[in-house]
file model-v8.txt (compact mmCIF, C-alpha atoms)
# COMPACT_ATOMS: atom_id res chain seq x y z
CA MET A 1 9.58 -38.68 77.67
CA ALA A 2 12.53 -38.22 75.32
CA ALA A 3 14.25 -34.85 75.25
CA LYS A 4 15.61 -33.54 71.97
CA ARG A 5 17.98 -30.61 71.69
CA THR A 6 19.15 -28.99 68.48
CA ALA A 7 22.20 -26.96 67.58
CA GLU A 8 23.08 -25.45 64.23
CA ALA A 9 26.38 -24.69 62.55
CA VAL A 10 27.12 -22.60 59.48
CA TRP A 11 30.51 -22.83 57.74
CA GLU A 12 31.79 -20.53 54.99
CA HIS A 13 34.70 -21.14 52.60
CA ASP A 14 37.38 -23.85 52.83
CA LEU A 15 38.58 -25.55 56.01
CA LEU A 16 41.87 -23.74 56.58
CA LYS A 17 40.85 -20.18 55.75
CA GLY A 18 37.14 -20.48 56.39
CA HIS A 19 35.09 -19.71 59.45
CA GLY A 20 31.81 -20.66 60.98
CA ARG A 21 29.47 -20.25 63.87
CA VAL A 22 27.48 -22.56 66.06
CA LYS A 23 24.49 -21.96 68.30
CA GLY A 24 21.96 -23.87 70.33
CA LEU A 25 18.34 -23.34 69.43
CA SER A 26 17.18 -23.26 73.07
CA GLY A 27 18.75 -19.85 73.57
CA GLY A 28 21.08 -21.19 76.24
CA LEU A 29 24.06 -21.49 73.88
CA ALA A 30 24.63 -18.18 72.16
CA GLU A 31 26.00 -18.01 68.65
CA THR A 32 29.74 -18.62 68.90
CA PRO A 33 32.42 -18.42 66.19
CA VAL A 34 34.50 -21.46 65.18
CA THR A 35 37.57 -21.83 62.97
CA TRP A 36 40.07 -24.55 62.17
CA VAL A 37 42.82 -22.48 63.82
CA ALA A 38 40.72 -22.21 67.00
CA ARG A 39 40.27 -25.97 66.88
CA THR A 40 43.93 -26.94 66.42
CA GLU A 41 45.99 -24.00 67.71
CA ALA A 42 45.10 -20.97 69.86
CA SER A 43 41.40 -20.48 70.52
CA GLY A 44 41.49 -16.70 70.08
CA GLY A 45 38.10 -16.29 71.74
CA LYS A 46 36.45 -18.86 69.48
CA THR A 47 35.23 -22.34 70.37
CA SER A 48 35.62 -25.79 68.86
CA PRO A 49 33.59 -28.98 68.69
CA GLU A 50 35.94 -30.43 71.30
CA GLU A 51 35.34 -27.57 73.73
CA LEU A 52 31.61 -28.05 73.27
CA LEU A 53 32.05 -31.79 73.92
CA ALA A 54 34.08 -30.97 77.05
CA ALA A 55 31.33 -28.64 78.28
CA ALA A 56 28.68 -31.29 77.65
CA HIS A 57 30.75 -33.95 79.41
CA ALA A 58 31.47 -31.75 82.46
CA ALA A 59 27.80 -30.76 82.83
CA CYS A 60 26.50 -34.29 82.34
CA TYR A 61 29.00 -35.85 84.74
CA SER A 62 28.31 -33.23 87.44
CA MET A 63 24.61 -34.13 87.30
CA ALA A 64 25.27 -37.88 87.30
CA PHE A 65 27.64 -37.58 90.27
CA ALA A 66 25.28 -35.32 92.24
CA ALA A 67 22.46 -37.80 91.65
CA ALA A 68 24.59 -40.75 92.77
CA LEU A 69 25.75 -38.95 95.92
CA GLY A 70 22.16 -37.99 96.74
CA ARG A 71 20.94 -41.57 96.28
CA GLY A 72 23.76 -42.66 98.60
CA GLY A 73 22.59 -40.31 101.35
CA THR A 74 25.48 -37.85 101.00
CA PRO A 75 24.30 -35.04 98.73
CA PRO A 76 27.07 -32.64 97.75
CA GLU A 77 27.23 -29.03 98.81
CA ARG A 78 29.21 -28.34 95.65
CA LEU A 79 30.87 -30.19 92.79
CA HIS A 80 33.30 -28.39 90.50
CA VAL A 81 33.92 -30.46 87.38
CA SER A 82 36.24 -29.80 84.48
CA ALA A 83 36.55 -31.93 81.38
CA THR A 84 39.57 -31.72 79.12
CA VAL A 85 39.03 -33.22 75.67
CA THR A 86 42.04 -34.03 73.50
CA PHE A 87 41.82 -33.65 69.70
CA ASP A 88 44.89 -35.17 68.07
CA LYS A 89 46.22 -36.35 64.75
CA VAL A 90 46.03 -40.14 64.59
CA GLY A 91 47.47 -41.68 61.45
CA ASP A 92 46.22 -39.68 58.49
CA GLY A 93 43.23 -38.16 60.27
CA TRP A 94 42.09 -36.33 63.39
CA LYS A 95 40.37 -37.94 66.36
CA VAL A 96 39.04 -37.11 69.80
CA THR A 97 41.27 -39.40 71.87
CA THR A 98 40.56 -38.61 75.53
CA SER A 99 38.19 -36.88 77.92
CA GLU A 100 39.74 -36.25 81.33
CA LEU A 101 37.22 -35.47 84.07
CA ALA A 102 38.48 -33.73 87.20
CA VAL A 103 36.08 -33.18 90.07
CA LYS A 104 36.56 -31.26 93.31
CA GLY A 105 33.76 -31.66 95.76
CA LYS A 106 32.50 -30.55 99.11
CA VAL A 107 30.50 -33.44 100.54
CA PRO A 108 29.91 -33.38 104.31
CA GLY A 109 30.41 -36.71 106.04
CA MET A 110 32.36 -38.35 103.21
CA THR A 111 35.96 -39.53 103.32
CA ALA A 112 38.39 -38.88 100.48
CA GLU A 113 38.52 -42.59 99.67
CA LYS A 114 34.74 -42.92 99.44
CA PHE A 115 34.52 -39.72 97.40
CA SER A 116 37.09 -41.02 94.91
CA ALA A 117 35.32 -44.38 94.59
CA ALA A 118 31.93 -42.68 94.15
CA ALA A 119 33.39 -40.31 91.55
CA THR A 120 34.72 -43.19 89.47
CA ALA A 121 31.47 -45.15 89.77
CA ALA A 122 29.34 -42.11 88.82
CA GLU A 123 31.12 -41.82 85.47
CA GLY A 124 29.26 -44.97 84.39
CA GLY A 125 25.95 -43.17 84.95
CA CYS A 126 26.77 -40.19 82.72
CA PRO A 127 24.95 -40.40 79.36
CA ILE A 128 27.69 -38.42 77.58
CA SER A 129 30.32 -40.83 78.94
CA ASN A 130 28.17 -43.70 77.72
CA ALA A 131 27.88 -42.11 74.27
CA ILE A 132 31.65 -41.79 73.79
CA ARG A 133 32.94 -44.78 75.79
CA GLY A 134 34.73 -47.34 73.66
CA ASN A 135 35.85 -44.65 71.24
CA VAL A 136 37.36 -42.10 73.66
CA ALA A 137 39.45 -42.90 76.73
CA ILE A 138 37.76 -41.44 79.83
CA THR A 139 39.55 -40.80 83.11
CA VAL A 140 38.31 -39.42 86.44
CA THR A 141 40.39 -37.62 89.05
CA ALA A 142 38.61 -36.73 92.29
CA THR A 143 39.57 -34.41 95.13
CA LEU A 144 37.50 -33.90 98.28
CA GLU A 145 37.66 -30.34 99.66

call {"tool": "encode", "arguments": {"input": "model-v8.txt", "output": "structure tokens"}}
result
Amino acid sequence: MAAKRTAEAVWEHDLLKGHGRVKGLSGGLAETPVTWVARTEASGGKTSPEELLAAAHAACYSMAFAAALGRGGTPPERLHVSATVTFDKVGDGWKVTTSELAVKGKVPGMTAEKFSAAATAAEGGCPISNAIRGNVAITVTATLE
């Protein structure tokens, strides 16, 4: 069964002085303000498409890694994942250039070397990684607690 999720954005006025808001229709993502300044300079309590992409990537990867560890017989007690997405000027335009995943995990019975290898391998099972791979450089840094 395919799952579909919908989000909406409303933008008012021009890019530089305008403002908008985005929300998920499930109710899980509250309406949040967005501006160009929040996207390219200081966030000022607002979000950006890149922050939303980072949140999606961190959540997706944490699930993919937990599933892989469970299948391998070493389910995690906890995984803490952050994703840092870079939005940069490339040539005459703007582009998402990187997504850096960092995972800290507590996995009983696993060595640091095996955790690092499993973390890198799990990235290939993340649907968000698979959606952006080839267009965005993805890295994984893993630390076992």

call {"tool": "closest_residue", "arguments": {"input": "model-v8.txt", "among": "A:Thr47, A:Thr84, A:Ser62, A:Thr97", "to": "Ala119 of chain A", "atoms": "all atoms listed in the file"}}
result
A:Ser62

call {"tool": "residues_around", "arguments": {"input": "model-v8.txt", "residues": "Glu145 of chain A", "least_positions_apart": "5", "cutoff": "12 Å", "atoms": "all atoms listed in the file", "output": "list in words"}}
result
Pro76, Glu77, Arg78, Leu79, His80, Val103, Lys104, Gly105, Lys106, Val107, Pro108, Gly109, Met110, Thr111, Ala112, Phe115 and Ser116 of chain A

call {"tool": "atom_distance", "arguments": {"input": "model-v8.txt", "atom1": "atom CA of Ala3 of chain A", "atom2": "atom CA of Leu25 of chain A"}}
result
13.5 Å

call {"tool": "closest_residue", "arguments": {"input": "model-v8.txt", "among": "A:Ala83, A:Val136, A:Ala142, A:Ala64", "to": "Ala122 of chain A", "atoms": "only C-alpha atoms"}}
result
A:Ala64

call {"tool": "atom_distance", "arguments": {"input": "model-v8.txt", "atom1": "atom CA of Trp36 of chain A", "atom2": "atom CA of Pro127 of chain A"}}
result
27.8 Å

call {"tool": "atom_distance", "arguments": {"input": "model-v8.txt", "atom1": "atom CA of Arg21 of chain A", "atom2": "atom CA of Val34 of chain A"}}
result
5.3 Å

call {"tool": "closest_residue", "arguments": {"input": "model-v8.txt", "among": "A:Thr40, A:Gly45, A:Cys126, A:Asp14", "to": "Met63 of chain A", "atoms": "all atoms listed in the file"}}
result
A:Cys126

call {"tool": "residues_near_point", "arguments": {"input": "model-v8.txt", "point": "(42.5, -34.4, 68.3)", "cutoff": "12 Å", "atoms": "only C-alpha atoms", "output": "list in words"}}
result
Trp36, Arg39, Thr40, Glu41, Ser48, Pro49, Glu50, Glu51, Thr84, Val85, Thr86, Phe87, Asp88, Lys89, Val90, Gly91, Asp92, Gly93, Trp94, Lys95, Val96, Thr97, Thr98, Ser99 and Val136 of chain A

call {"tool": "closest_residue", "arguments": {"input": "model-v8.txt", "among": "A:Gly125, A:Thr6, A:Gly28, A:Ile132", "to": "Cys60 of chain A", "atoms": "all atoms listed in the file"}}
result
A:Gly125

call {"tool": "closest_residue", "arguments": {"input": "model-v8.txt", "among": "A:Ala54, A:Ala67, A:Val37, A:Leu101", "to": "Thr139 of chain A", "atoms": "all atoms listed in the file"}}
result
A:Leu101

call {"tool": "closest_residue", "arguments": {"input": "model-v8.txt", "among": "A:Ala59, A:Ala68, A:Ala7, A:Leu16", "to": "Gly124 of chain A", "atoms": "all atoms listed in the file"}}
result
A:Ala68

call {"tool": "residues_around", "arguments": {"input": "model-v8.txt", "residues": "Glu31 of chain A", "least_positions_apart": "2", "cutoff": "8 Å", "atoms": "all atoms listed in the file", "output": "JSON, numbers by chain"}}
result
{"A": [21, 22, 23, 24, 29, 33]}
